[in-house]
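So this one's final-v5.pdb, PDB, C-alpha atoms:
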ATOM      1  CA  MET X   1     -14.883 -11.479 -10.276
ATOM      2  CA  VAL X   2     -14.695 -15.242 -10.512
ATOM      3  CA  LEU X   3     -12.065 -17.539 -11.992
ATOM      4  CA  SER X   4     -13.762 -19.765 -14.556
ATOM      5  CA  ALA X   5     -12.732 -23.366 -15.194
ATOM      6  CA  ALA X   6     -10.968 -22.127 -18.333
ATOM      7  CA  ASP X   7      -9.095 -19.454 -16.339
ATOM      8  CA  LYS X   8      -7.905 -22.040 -13.800
ATOM      9  CA  SER X   9      -6.819 -24.389 -16.549
ATOM     10  CA  ASN X  10      -4.971 -21.580 -18.399
ATOM     11  CA  VAL X  11      -3.153 -20.485 -15.253
ATOM     12  CA  LYS X  12      -2.141 -24.019 -14.236
ATOM     13  CA  ALA X  13      -0.872 -24.857 -17.707
ATOM     14  CA  PHE X  14       1.086 -21.629 -17.961
ATOM     15  CA  TRP X  15       2.583 -21.980 -14.474
ATOM     16  CA  ASP X  16       3.620 -25.581 -15.215
ATOM     17  CA  LYS X  17       5.353 -24.318 -18.331
ATOM     18  CA  ILE X  18       7.409 -21.731 -16.468
ATOM     19  CA  GLY X  19       8.551 -24.321 -13.935
ATOM     20  CA  SER X  20      11.741 -23.465 -12.071
ATOM     21  CA  HIS X  21      12.036 -20.085 -13.815
ATOM     22  CA  ALA X  22       9.329 -18.715 -11.544
ATOM     23  CA  GLY X  23      11.905 -17.406  -9.067
ATOM     24  CA  ASP X  24      13.798 -15.512 -11.764
ATOM     25  CA  TYR X  25      10.568 -14.048 -13.057
ATOM     26  CA  GLY X  26       9.558 -12.999  -9.545
ATOM     27  CA  ALA X  27      12.829 -11.124  -9.166
ATOM     28  CA  GLU X  28      12.510  -9.537 -12.599
ATOM     29  CA  ALA X  29       8.943  -8.445 -11.879
ATOM     30  CA  LEU X  30      10.112  -6.793  -8.666
ATOM     31  CA  GLU X  31      12.959  -5.045 -10.491
ATOM     32  CA  ARG X  32      10.501  -3.773 -13.106
ATOM     33  CA  THR X  33       8.134  -2.585 -10.378
ATOM     34  CA  PHE X  34      10.850  -0.620  -8.579
ATOM     35  CA  CYS X  35      12.132   0.818 -11.852
ATOM     36  CA  CYS X  36       8.759   1.823 -13.317
ATOM     37  CA  PHE X  37       6.950   2.800 -10.134
ATOM     38  CA  PRO X  38       9.560   4.300  -7.784
ATOM     39  CA  THR X  39       7.013   4.836  -4.990
ATOM     40  CA  THR X  40       7.024   1.054  -4.475
ATOM     41  CA  LYS X  41      10.600   1.298  -3.250
ATOM     42  CA  THR X  42       9.341   2.893  -0.032
ATOM     43  CA  TYR X  43       8.511  -0.602   1.221
ATOM     44  CA  PHE X  44      12.078  -1.770   0.598
ATOM     45  CA  HIS X  45      14.210   1.075   1.891
ATOM     46  CA  HIS X  46      16.188  -1.520   3.860
ATOM     47  CA  PHE X  47      17.035  -3.512   0.710
ATOM     48  CA  ASP X  48      19.831  -3.214  -1.786
ATOM     49  CA  LEU X  49      17.742  -2.542  -4.895
ATOM     50  CA  SER X  50      20.580  -2.402  -7.419
ATOM     51  CA  HIS X  51      20.405  -4.655 -10.488
ATOM     52  CA  GLY X  52      21.229  -8.237  -9.564
ATOM     53  CA  SER X  53      20.731  -7.665  -5.848
ATOM     54  CA  ALA X  54      20.754 -10.904  -3.856
ATOM     55  CA  GLN X  55      17.985  -9.542  -1.623
ATOM     56  CA  VAL X  56      15.727  -8.835  -4.607
ATOM     57  CA  LYS X  57      16.515 -12.296  -6.032
ATOM     58  CA  ALA X  58      15.577 -13.927  -2.729
ATOM     59  CA  HIS X  59      12.435 -11.857  -2.388
ATOM     60  CA  GLY X  60      11.446 -12.645  -5.973
ATOM     61  CA  GLN X  61      11.780 -16.332  -5.169
ATOM     62  CA  LYS X  62       9.543 -15.863  -2.122
ATOM     63  CA  VAL X  63       6.869 -14.116  -4.196
ATOM     64  CA  ALA X  64       7.113 -16.817  -6.885
ATOM     65  CA  ASP X  65       6.844 -19.634  -4.344
ATOM     66  CA  ALA X  66       3.716 -18.051  -2.884
ATOM     67  CA  LEU X  67       2.194 -17.778  -6.366
ATOM     68  CA  THR X  68       3.082 -21.413  -7.070
ATOM     69  CA  GLN X  69       1.250 -22.378  -3.887
ATOM     70  CA  ALA X  70      -1.698 -20.243  -4.965
ATOM     71  CA  VAL X  71      -1.822 -22.001  -8.343
ATOM     72  CA  ALA X  72      -1.749 -25.386  -6.618
ATOM     73  CA  HIS X  73      -4.695 -24.333  -4.459
ATOM     74  CA  ILE X  74      -6.483 -22.238  -7.018
ATOM     75  CA  ASN X  75      -9.850 -23.568  -5.862
ATOM     76  CA  ASP X  76      -9.365 -22.228  -2.372
ATOM     77  CA  LEU X  77      -7.205 -19.139  -2.388
ATOM     78  CA  PRO X  78      -8.474 -17.639   0.888
ATOM     79  CA  ASN X  79      -7.379 -20.709   2.851
ATOM     80  CA  ALA X  80      -4.155 -21.285   0.980
ATOM     81  CA  LEU X  81      -3.088 -17.650   1.382
ATOM     82  CA  SER X  82      -4.484 -17.084   4.867
ATOM     83  CA  ALA X  83      -1.119 -16.689   6.604
ATOM     84  CA  LEU X  84       0.157 -14.311   3.917
ATOM     85  CA  SER X  85      -3.090 -12.425   4.150
ATOM     86  CA  ASP X  86      -2.514 -11.938   7.906
ATOM     87  CA  LEU X  87       1.069 -10.885   7.273
ATOM     88  CA  HIS X  88       0.092  -8.215   4.753
ATOM     89  CA  ALA X  89      -2.776  -6.922   6.885
ATOM     90  CA  TYR X  90      -1.113  -6.696  10.271
ATOM     91  CA  LYS X  91       2.585  -6.449   9.636
ATOM     92  CA  LEU X  92       3.497  -5.344   6.109
ATOM     93  CA  ARG X  93       0.459  -3.147   5.400
ATOM     94  CA  VAL X  94       1.403  -2.569   1.775
ATOM     95  CA  ASP X  95      -1.126  -0.145   0.312
ATOM     96  CA  PRO X  96      -3.526  -2.072  -1.949
ATOM     97  CA  VAL X  97      -2.668   0.036  -5.005
ATOM     98  CA  ASN X  98       0.745  -1.616  -5.120
ATOM     99  CA  PHE X  99      -0.615  -5.094  -5.800
ATOM    100  CA  LYS X 100      -1.885  -3.826  -9.162
ATOM    101  CA  LEU X 101       1.564  -2.433  -9.973
ATOM    102  CA  LEU X 102       3.369  -5.705  -9.172
ATOM    103  CA  SER X 103       0.683  -7.740 -10.980
ATOM    104  CA  HIS X 104       1.152  -5.601 -14.100
ATOM    105  CA  CYS X 105       4.930  -6.097 -13.975
ATOM    106  CA  LEU X 106       4.433  -9.847 -13.525
ATOM    107  CA  LEU X 107       2.323  -9.868 -16.706
ATOM    108  CA  VAL X 108       4.995  -7.865 -18.556
ATOM    109  CA  THR X 109       7.723 -10.267 -17.391
ATOM    110  CA  LEU X 110       5.725 -13.333 -18.427
ATOM    111  CA  ALA X 111       4.871 -11.759 -21.812
ATOM    112  CA  CYS X 112       8.569 -11.110 -22.434
ATOM    113  CA  HIS X 113       9.683 -14.638 -21.644
ATOM    114  CA  HIS X 114       6.763 -16.705 -22.988
ATOM    115  CA  PRO X 115       5.387 -14.968 -26.074
ATOM    116  CA  ALA X 116       3.907 -18.132 -27.583
ATOM    117  CA  GLU X 117       1.879 -18.976 -24.499
ATOM    118  CA  PHE X 118       0.889 -15.388 -23.636
ATOM    119  CA  THR X 119      -2.206 -15.399 -25.845
ATOM    120  CA  PRO X 120      -5.022 -12.887 -25.216
ATOM    121  CA  ALA X 121      -7.099 -15.521 -23.379
ATOM    122  CA  VAL X 122      -4.154 -16.542 -21.180
ATOM    123  CA  HIS X 123      -3.303 -12.866 -20.583
ATOM    124  CA  ALA X 124      -6.868 -12.372 -19.332
ATOM    125  CA  SER X 125      -6.747 -15.460 -17.089
ATOM    126  CA  LEU X 126      -3.402 -14.473 -15.551
ATOM    127  CA  ASP X 127      -4.622 -10.919 -14.929
ATOM    128  CA  LYS X 128      -7.727 -12.298 -13.194
ATOM    129  CA  PHE X 129      -5.601 -14.721 -11.155
ATOM    130  CA  PHE X 130      -3.223 -12.007  -9.916
ATOM    131  CA  SER X 131      -6.233  -9.845  -9.146
ATOM    132  CA  ALA X 132      -7.805 -12.689  -7.133
ATOM    133  CA  VAL X 133      -4.564 -13.247  -5.200
ATOM    134  CA  SER X 134      -4.286  -9.498  -4.512
ATOM    135  CA  THR X 135      -7.864  -9.425  -3.241
ATOM    136  CA  VAL X 136      -7.144 -12.250  -0.799
ATOM    137  CA  LEU X 137      -3.915 -10.616   0.393
ATOM    138  CA  THR X 138      -5.751  -7.361   1.187
ATOM    139  CA  SER X 139      -8.942  -8.994   2.475
ATOM    140  CA  LYS X 140      -8.166  -8.532   6.180
ATOM    141  CA  TYR X 141      -6.922  -4.936   5.934
ATOM    142  CA  ARG X 142     -10.031  -3.602   7.655
TER     143      ARG X 142
ATOM    144  CA  MET W 143      14.370  18.433 -18.589
ATOM    145  CA  GLY W 144      10.973  18.026 -20.205
ATOM    146  CA  PHE W 145       8.565  15.233 -19.574
ATOM    147  CA  LEU W 146      11.130  12.534 -20.406
ATOM    148  CA  THR W 147      14.894  12.695 -19.997
ATOM    149  CA  ALA W 148      16.970  12.664 -23.172
ATOM    150  CA  GLU W 149      17.874   9.073 -22.404
ATOM    151  CA  GLU W 150      14.221   8.069 -21.989
ATOM    152  CA  LYS W 151      13.312   9.794 -25.270
ATOM    153  CA  GLY W 152      16.050   7.767 -26.929
ATOM    154  CA  LEU W 153      14.716   4.531 -25.493
ATOM    155  CA  VAL W 154      11.115   5.308 -26.501
ATOM    156  CA  ASN W 155      11.920   6.477 -30.030
ATOM    157  CA  GLY W 156      14.388   3.663 -30.520
ATOM    158  CA  LEU W 157      11.771   1.033 -29.808
ATOM    159  CA  TRP W 158       8.836   2.863 -31.397
ATOM    160  CA  GLY W 159      10.696   3.050 -34.692
ATOM    161  CA  LYS W 160      10.452  -0.735 -34.895
ATOM    162  CA  VAL W 161       6.755  -0.957 -34.039
ATOM    163  CA  ASN W 162       4.205  -1.876 -36.703
ATOM    164  CA  VAL W 163       1.739   0.720 -35.436
ATOM    165  CA  ASP W 164      -1.246  -0.622 -37.374
ATOM    166  CA  GLU W 165      -0.789  -4.176 -36.124
ATOM    167  CA  VAL W 166       0.080  -3.296 -32.545
ATOM    168  CA  GLY W 167      -2.968  -1.023 -32.437
ATOM    169  CA  GLY W 168      -5.318  -3.867 -33.337
ATOM    170  CA  GLU W 169      -3.558  -6.200 -30.905
ATOM    171  CA  ALA W 170      -3.717  -3.714 -28.029
ATOM    172  CA  LEU W 171      -7.363  -2.780 -28.536
ATOM    173  CA  GLY W 172      -8.277  -6.447 -28.962
ATOM    174  CA  ARG W 173      -6.525  -7.457 -25.766
ATOM    175  CA  LEU W 174      -8.191  -4.564 -23.914
ATOM    176  CA  LEU W 175     -11.603  -5.939 -24.901
ATOM    177  CA  VAL W 176     -10.594  -9.512 -23.976
ATOM    178  CA  VAL W 177      -8.856  -8.814 -20.674
ATOM    179  CA  TYR W 178     -11.282  -6.093 -19.473
ATOM    180  CA  PRO W 179     -14.581  -7.119 -21.072
ATOM    181  CA  TRP W 180     -16.496  -4.201 -19.591
ATOM    182  CA  THR W 181     -14.619  -1.954 -22.039
ATOM    183  CA  GLN W 182     -16.758  -3.547 -24.757
ATOM    184  CA  ARG W 183     -19.464  -1.107 -23.661
ATOM    185  CA  PHE W 184     -18.059   1.448 -26.097
ATOM    186  CA  PHE W 185     -18.109  -0.898 -29.039
ATOM    187  CA  GLN W 186     -21.596  -2.364 -29.195
ATOM    188  CA  SER W 187     -21.777  -1.703 -32.939
ATOM    189  CA  PHE W 188     -18.616  -3.674 -33.672
ATOM    190  CA  GLY W 189     -20.324  -7.011 -34.255
ATOM    191  CA  ASP W 190     -19.045 -10.300 -32.884
ATOM    192  CA  LEU W 191     -17.134  -9.826 -29.618
ATOM    193  CA  SER W 192     -18.283 -13.134 -28.154
ATOM    194  CA  SER W 193     -14.876 -14.788 -27.660
ATOM    195  CA  ALA W 194     -11.181 -13.924 -27.537
ATOM    196  CA  ASP W 195     -10.759 -15.289 -31.076
ATOM    197  CA  ALA W 196     -13.772 -13.359 -32.360
ATOM    198  CA  ILE W 197     -12.455 -10.137 -30.832
ATOM    199  CA  MET W 198      -8.885 -10.520 -32.064
ATOM    200  CA  GLY W 199     -10.118 -11.359 -35.585
ATOM    201  CA  ASN W 200     -12.768  -8.644 -35.720
ATOM    202  CA  SER W 201     -12.020  -6.245 -38.590
ATOM    203  CA  LYS W 202     -13.681  -3.265 -36.874
ATOM    204  CA  VAL W 203     -11.541  -3.827 -33.787
ATOM    205  CA  LYS W 204      -8.414  -3.941 -35.941
ATOM    206  CA  ALA W 205      -9.396  -0.808 -37.844
ATOM    207  CA  HIS W 206     -10.195   1.111 -34.698
ATOM    208  CA  GLY W 207      -7.050  -0.090 -32.957
ATOM    209  CA  LYS W 208      -5.058   1.175 -35.929
ATOM    210  CA  LYS W 209      -6.744   4.593 -35.650
ATOM    211  CA  VAL W 210      -6.108   4.829 -31.912
ATOM    212  CA  LEU W 211      -2.479   3.860 -32.092
ATOM    213  CA  ASN W 212      -1.703   6.112 -35.038
ATOM    214  CA  SER W 213      -3.076   8.946 -32.947
ATOM    215  CA  PHE W 214      -0.901   7.859 -30.010
ATOM    216  CA  SER W 215       2.081   7.705 -32.359
ATOM    217  CA  ASP W 216       1.422  11.252 -33.589
ATOM    218  CA  GLY W 217       1.261  12.369 -29.974
ATOM    219  CA  LEU W 218       4.724  10.907 -29.354
ATOM    220  CA  LYS W 219       6.098  13.481 -31.791
ATOM    221  CA  ASN W 220       5.006  16.150 -29.283
ATOM    222  CA  ILE W 221       6.180  14.364 -26.196
ATOM    223  CA  ASP W 222       6.969  17.600 -24.348
ATOM    224  CA  ASP W 223       3.462  18.966 -24.837
ATOM    225  CA  LEU W 224       1.109  16.034 -24.652
ATOM    226  CA  LYS W 225      -1.678  18.150 -23.152
ATOM    227  CA  GLY W 226      -1.525  20.456 -26.159
ATOM    228  CA  ALA W 227      -1.235  17.587 -28.613
ATOM    229  CA  PHE W 228      -4.275  15.761 -27.220
ATOM    230  CA  ALA W 229      -6.463  18.762 -26.298
ATOM    231  CA  LYS W 230      -8.998  18.257 -29.071
ATOM    232  CA  LEU W 231      -9.126  14.501 -28.599
ATOM    233  CA  SER W 232      -9.636  15.049 -24.888
ATOM    234  CA  GLU W 233     -12.691  17.178 -25.575
ATOM    235  CA  LEU W 234     -13.990  14.600 -28.039
ATOM    236  CA  HIS W 235     -13.612  11.719 -25.568
ATOM    237  CA  CYS W 236     -15.426  13.714 -22.883
ATOM    238  CA  ASP W 237     -18.157  15.499 -24.784
ATOM    239  CA  LYS W 238     -18.995  13.096 -27.587
ATOM    240  CA  LEU W 239     -17.653   9.671 -26.684
ATOM    241  CA  HIS W 240     -18.221   9.836 -22.889
ATOM    242  CA  VAL W 241     -15.266   7.579 -22.109
ATOM    243  CA  ASP W 242     -14.166   7.289 -18.475
ATOM    244  CA  PRO W 243     -10.429   8.207 -18.454
ATOM    245  CA  GLU W 244      -9.706   5.078 -16.449
ATOM    246  CA  ASN W 245     -10.008   3.313 -19.795
ATOM    247  CA  PHE W 246      -6.982   5.242 -21.116
ATOM    248  CA  ARG W 247      -4.918   3.892 -18.226
ATOM    249  CA  LEU W 248      -6.135   0.349 -18.916
ATOM    250  CA  LEU W 249      -5.300   0.642 -22.620
ATOM    251  CA  GLY W 250      -1.888   2.130 -21.812
ATOM    252  CA  ASN W 251      -0.992  -0.850 -19.641
ATOM    253  CA  VAL W 252      -2.283  -3.313 -22.234
ATOM    254  CA  LEU W 253      -0.097  -1.543 -24.814
ATOM    255  CA  VAL W 254       2.898  -2.038 -22.503
ATOM    256  CA  CYS W 255       2.069  -5.774 -22.289
ATOM    257  CA  VAL W 256       1.834  -5.972 -26.103
ATOM    258  CA  LEU W 257       5.214  -4.260 -26.505
ATOM    259  CA  ALA W 258       6.711  -6.703 -23.973
ATOM    260  CA  HIS W 259       5.127  -9.575 -25.892
ATOM    261  CA  HIS W 260       6.619  -8.407 -29.199
ATOM    262  CA  PHE W 261      10.041  -7.289 -28.067
ATOM    263  CA  GLY W 262      10.872  -9.717 -25.249
ATOM    264  CA  HIS W 263      14.214  -9.036 -23.545
ATOM    265  CA  GLU W 264      14.679  -5.841 -25.539
ATOM    266  CA  PHE W 265      11.750  -4.466 -23.537
ATOM    267  CA  ASN W 266      13.934  -4.275 -20.440
ATOM    268  CA  PRO W 267      13.000  -2.512 -17.163
ATOM    269  CA  GLN W 268      14.457   0.839 -18.305
ATOM    270  CA  VAL W 269      12.558   0.765 -21.603
ATOM    271  CA  GLN W 270       9.406  -0.278 -19.783
ATOM    272  CA  ALA W 271       9.840   2.572 -17.280
ATOM    273  CA  ALA W 272      10.110   5.106 -20.106
ATOM    274  CA  PHE W 273       6.968   3.728 -21.756
ATOM    275  CA  GLN W 274       5.076   3.690 -18.456
ATOM    276  CA  LYS W 275       5.794   7.438 -18.257
ATOM    277  CA  VAL W 276       4.580   7.904 -21.821
ATOM    278  CA  VAL W 277       1.304   5.995 -21.404
ATOM    279  CA  ALA W 278       0.627   7.764 -18.114
ATOM    280  CA  GLY W 279       1.303  11.111 -19.811
ATOM    281  CA  VAL W 280      -0.985  10.332 -22.742
ATOM    282  CA  ALA W 281      -3.767   9.102 -20.434
ATOM    283  CA  SER W 282      -3.432  12.250 -18.342
ATOM    284  CA  ALA W 283      -3.441  14.483 -21.449
ATOM    285  CA  LEU W 284      -6.563  12.770 -22.765
ATOM    286  CA  ALA W 285      -8.285  13.343 -19.427
ATOM    287  CA  HIS W 286      -7.099  16.922 -19.082
ATOM    288  CA  ARG W 287     -10.061  18.662 -20.773
ATOM    289  CA  TYR W 288     -12.746  16.657 -18.988
ATOM    290  CA  HIS W 289     -15.383  18.636 -17.163
TER     291      HIS W 289
END

Take the structure in the file and write it out as structure tokens.
Amino acid sequence: MVLSAADKSNVKAFWDKIGSHAGDYGAEALERTFCCFPTTKTYFHHFDLSHGSAQVKAHGQKVADALTQAVAHINDLPNALSALSDLHAYKLRVDPVNFKLLSHCLLVTLACHHPAEFTPAVHASLDKFFSAVSTVLTSKYR
Amino acid sequence: MGFLTAEEKGLVNGLWGKVNVDEVGGEALGRLLVVYPWTQRFFQSFGDLSSADAIMGNSKVKAHGKKVLNSFSDGLKNIDDLKGAFAKLSELHCDKLHVDPENFRLLGNVLVCVLAHHFGHEFNPQVQAAFQKVVAGVASALAHRYH
């Protein structure tokens, strides 16, 4: 699965549009993930997961910042995400299935907040982008 | 408690009552074919599927999407016995249509994205969670008679 020039352009344009809201959307996507897929909470048993939690807000910002970096380096994701890839492989060891769950909830969040921009073509590009990021983050698992 | 809690049933029915099933069906099927192009394998007779615009405007896609979602909608009326409600359709999808059940999960998630797209903030995490249960239940029911 390869990101085409059109995919990259769609993702960059969309991410520019969301600007400083990325952090809020990261937090909302996490909240949706925990709510819809309770098994994902097993990785955050040490967090306060109640609505509006400061820890979830902060973690959402972290996830968003990483995605912003990924967008900025969309032509070389493996290098740009190398440290995060190590982290997920050797320390966090989040089962790969969970990246699909968070990616889905990111799409849902973005669809909610940006209906005009969330066209079918952009939906496809974003899904491919999150899939590419997930692949890099799990690439060193074994 | 059945498959959904009373509260979840309320959330699902509350939102579903506002859904234009025909339109959302076409939108969901269209997006499935755009976002996961390999699903086009089941629709080779549908004509022009060469671009996102072609797919979303394709009248056969719209008509089929309408059919699929009306069936889903009927199933919602039997939410506590989805396996029973979809038994015949399950056999059809296995024996005649030869559709890998993974496609039901893909379509379910695309439907959730379309609902989010239409309803925005109203499609909050609790509503989404209820619908995730529903689409998972329908996908499972449709796969139940496979052999």

Please identify every residue of chain W that has at least one atom no farther than 10 Å from an atom of chain X, counting all atoms listed in the file, and for each give the shortest atom pair and the distance in Å to one decimal, arranged by chain then increasing number, as a Markdown table.
| residue | atom | partner | partner_atom | distance |
| --- | --- | --- | --- | --- |
| W:Glu169 | CA | X:Pro120 | CA | 8.9 |
| W:Ala170 | CA | X:Pro120 | CA | 9.7 |
| W:Gly172 | CA | X:Pro120 | CA | 8.1 |
| W:Arg173 | CA | X:Pro120 | CA | 5.7 |
| W:Leu174 | CA | X:Pro120 | CA | 9.0 |
| W:Leu175 | CA | X:Pro120 | CA | 9.6 |
| W:Val176 | CA | X:Ala124 | CA | 6.6 |
| W:Val177 | CA | X:Ala124 | CA | 4.3 |
| W:Tyr178 | CA | X:Ala124 | CA | 7.7 |
| W:Pro179 | CA | X:Ala124 | CA | 9.5 |
| W:Ser193 | CA | X:Ala121 | CA | 8.9 |
| W:Ala194 | CA | X:Ala121 | CA | 6.0 |
| W:Asp195 | CA | X:Ala121 | CA | 8.5 |
| W:Ile197 | CA | X:Pro120 | CA | 9.7 |
| W:Met198 | CA | X:Pro120 | CA | 8.2 |
| W:Asn251 | CA | X:His104 | CA | 7.6 |
| W:Val252 | CA | X:His104 | CA | 9.1 |
| W:Val254 | CA | X:Val108 | CA | 7.3 |
| W:Cys255 | CA | X:Val108 | CA | 5.2 |
| W:Val256 | CA | X:Ala111 | CA | 7.8 |
| W:Leu257 | CA | X:Cys112 | CA | 8.6 |
| W:Ala258 | CA | X:Cys112 | CA | 5.0 |
| W:His259 | CA | X:Ala111 | CA | 4.6 |
| W:His260 | CA | X:Pro115 | CA | 7.4 |
| W:Phe261 | CA | X:Cys112 | CA | 7.0 |
| W:Gly262 | CA | X:Cys112 | CA | 3.9 |
| W:His263 | CA | X:Cys112 | CA | 6.1 |
| W:Glu264 | CA | X:Cys112 | CA | 8.6 |
| W:Phe265 | CA | X:Cys112 | CA | 7.4 |
| W:Asn266 | CA | X:Arg32 | CA | 8.1 |
| W:Pro267 | CA | X:Arg32 | CA | 4.9 |
| W:Gln268 | CA | X:Cys35 | CA | 6.9 |
| W:Val269 | CA | X:Cys36 | CA | 9.2 |
| W:Gln270 | CA | X:Cys36 | CA | 6.8 |
| W:Ala271 | CA | X:Cys36 | CA | 4.2 |
| W:Ala272 | CA | X:Cys36 | CA | 7.7 |
| W:Phe273 | CA | X:Cys36 | CA | 8.8 |
| W:Gln274 | CA | X:Cys36 | CA | 6.6 |
| W:Lys275 | CA | X:Cys36 | CA | 8.0 |

| message | For the provided coordinates, the residues matched by the PyMOL selection byres ((chain X and resi 81) around 10) should be stated as JSON, numbers by chain. | response | {"X": [66, 67, 69, 70, 73, 76, 77, 78, 79, 80, 82, 83, 84, 85, 86, 87, 133, 136, 137]}

Return as JSON the box centre and box size in Å, one decimal, for an axis-aligned box around all listed atoms of segment 106-113 of chain X padded by 3 Å per side.
{"center_x": 6.0, "center_y": -11.3, "center_z": -18.0, "size_x": 13.4, "size_y": 12.8, "size_z": 14.9}

| Expansion of the PyMOL selection byres ((chain W and resi 155) around 12) into residues, as a ChimeraX atom specification | /W:146,148-154,156-161,215,218-221,269,272-273,276

| request: Fewer than 2 positions away in the same chain doesn't count, so skip those; otherwise give me all residues within 10 Å of Gly217 of chain W, counting all atoms listed in the file, as a list in words. | output: Leu211, Asn212, Ser213, Phe214, Ser215, Lys219, Asn220, Ile221, Asp222, Asp223, Leu224, Lys225, Gly226, Ala227, Phe228, Val276, Val280 and Ala283 of chain W

Dump segment 51-57 of chain X with all heavy atoms to a file, as a PDB file, in the first residue's frame.
ATOM      1  N   HIS X  51     -14.398  11.430  31.389  1.00  0.00           N
ATOM      2  CA  HIS X  51     -14.574  12.492  30.387  1.00  0.00           C
ATOM      3  C   HIS X  51     -13.882  13.773  30.853  1.00  0.00           C
ATOM      4  O   HIS X  51     -14.060  14.201  31.975  1.00  0.00           O
ATOM      5  CB  HIS X  51     -16.070  12.735  30.155  1.00  0.00           C
ATOM      6  CG  HIS X  51     -16.341  13.817  29.163  1.00  0.00           C
ATOM      7  ND1 HIS X  51     -16.029  13.715  27.827  1.00  0.00           N
ATOM      8  CD2 HIS X  51     -16.871  15.057  29.318  1.00  0.00           C
ATOM      9  CE1 HIS X  51     -16.372  14.830  27.205  1.00  0.00           C
ATOM     10  NE2 HIS X  51     -16.887  15.660  28.090  1.00  0.00           N
ATOM     11  N   GLY X  52     -13.072  14.343  29.981  1.00  0.00           N
ATOM     12  CA  GLY X  52     -12.381  15.582  30.315  1.00  0.00           C
ATOM     13  C   GLY X  52     -11.072  15.392  31.064  1.00  0.00           C
ATOM     14  O   GLY X  52     -10.434  16.376  31.473  1.00  0.00           O
ATOM     15  N   SER X  53     -10.678  14.137  31.227  1.00  0.00           N
ATOM     16  CA  SER X  53      -9.439  13.848  31.964  1.00  0.00           C
ATOM     17  C   SER X  53      -8.233  14.612  31.407  1.00  0.00           C
ATOM     18  O   SER X  53      -7.997  14.619  30.194  1.00  0.00           O
ATOM     19  CB  SER X  53      -9.169  12.345  31.901  1.00  0.00           C
ATOM     20  OG  SER X  53      -7.792  12.074  31.948  1.00  0.00           O
ATOM     21  N   ALA X  54      -7.465  15.214  32.308  1.00  0.00           N
ATOM     22  CA  ALA X  54      -6.276  15.959  31.898  1.00  0.00           C
ATOM     23  C   ALA X  54      -5.244  15.026  31.271  1.00  0.00           C
ATOM     24  O   ALA X  54      -4.521  15.408  30.340  1.00  0.00           O
ATOM     25  CB  ALA X  54      -5.676  16.689  33.100  1.00  0.00           C
ATOM     26  N   GLN X  55      -5.186  13.777  31.792  1.00  0.00           N
ATOM     27  CA  GLN X  55      -4.208  12.826  31.252  1.00  0.00           C
ATOM     28  C   GLN X  55      -4.554  12.448  29.812  1.00  0.00           C
ATOM     29  O   GLN X  55      -3.656  12.330  28.961  1.00  0.00           O
ATOM     30  CB  GLN X  55      -4.172  11.564  32.113  1.00  0.00           C
ATOM     31  CG  GLN X  55      -3.465  11.758  33.441  1.00  0.00           C
ATOM     32  CD  GLN X  55      -3.493  10.498  34.274  1.00  0.00           C
ATOM     33  OE1 GLN X  55      -4.552   9.937  34.544  1.00  0.00           O
ATOM     34  NE2 GLN X  55      -2.327  10.036  34.683  1.00  0.00           N
ATOM     35  N   VAL X  56      -5.862  12.270  29.561  1.00  0.00           N
ATOM     36  CA  VAL X  56      -6.281  11.911  28.192  1.00  0.00           C
ATOM     37  C   VAL X  56      -6.039  13.094  27.253  1.00  0.00           C
ATOM     38  O   VAL X  56      -5.583  12.938  26.125  1.00  0.00           O
ATOM     39  CB  VAL X  56      -7.758  11.450  28.147  1.00  0.00           C
ATOM     40  CG1 VAL X  56      -8.220  11.233  26.714  1.00  0.00           C
ATOM     41  CG2 VAL X  56      -7.929  10.175  28.958  1.00  0.00           C
ATOM     42  N   LYS X  57      -6.310  14.311  27.755  1.00  0.00           N
ATOM     43  CA  LYS X  57      -6.065  15.526  26.957  1.00  0.00           C
ATOM     44  C   LYS X  57      -4.592  15.580  26.557  1.00  0.00           C
ATOM     45  O   LYS X  57      -4.256  15.815  25.395  1.00  0.00           O
ATOM     46  CB  LYS X  57      -6.353  16.778  27.791  1.00  0.00           C
ATOM     47  CG  LYS X  57      -7.705  17.394  27.589  1.00  0.00           C
ATOM     48  CD  LYS X  57      -7.696  18.844  28.117  1.00  0.00           C
ATOM     49  CE  LYS X  57      -9.036  19.543  28.007  1.00  0.00           C
ATOM     50  NZ  LYS X  57     -10.136  19.108  28.807  1.00  0.00           N
TER      51      LYS X  57
END
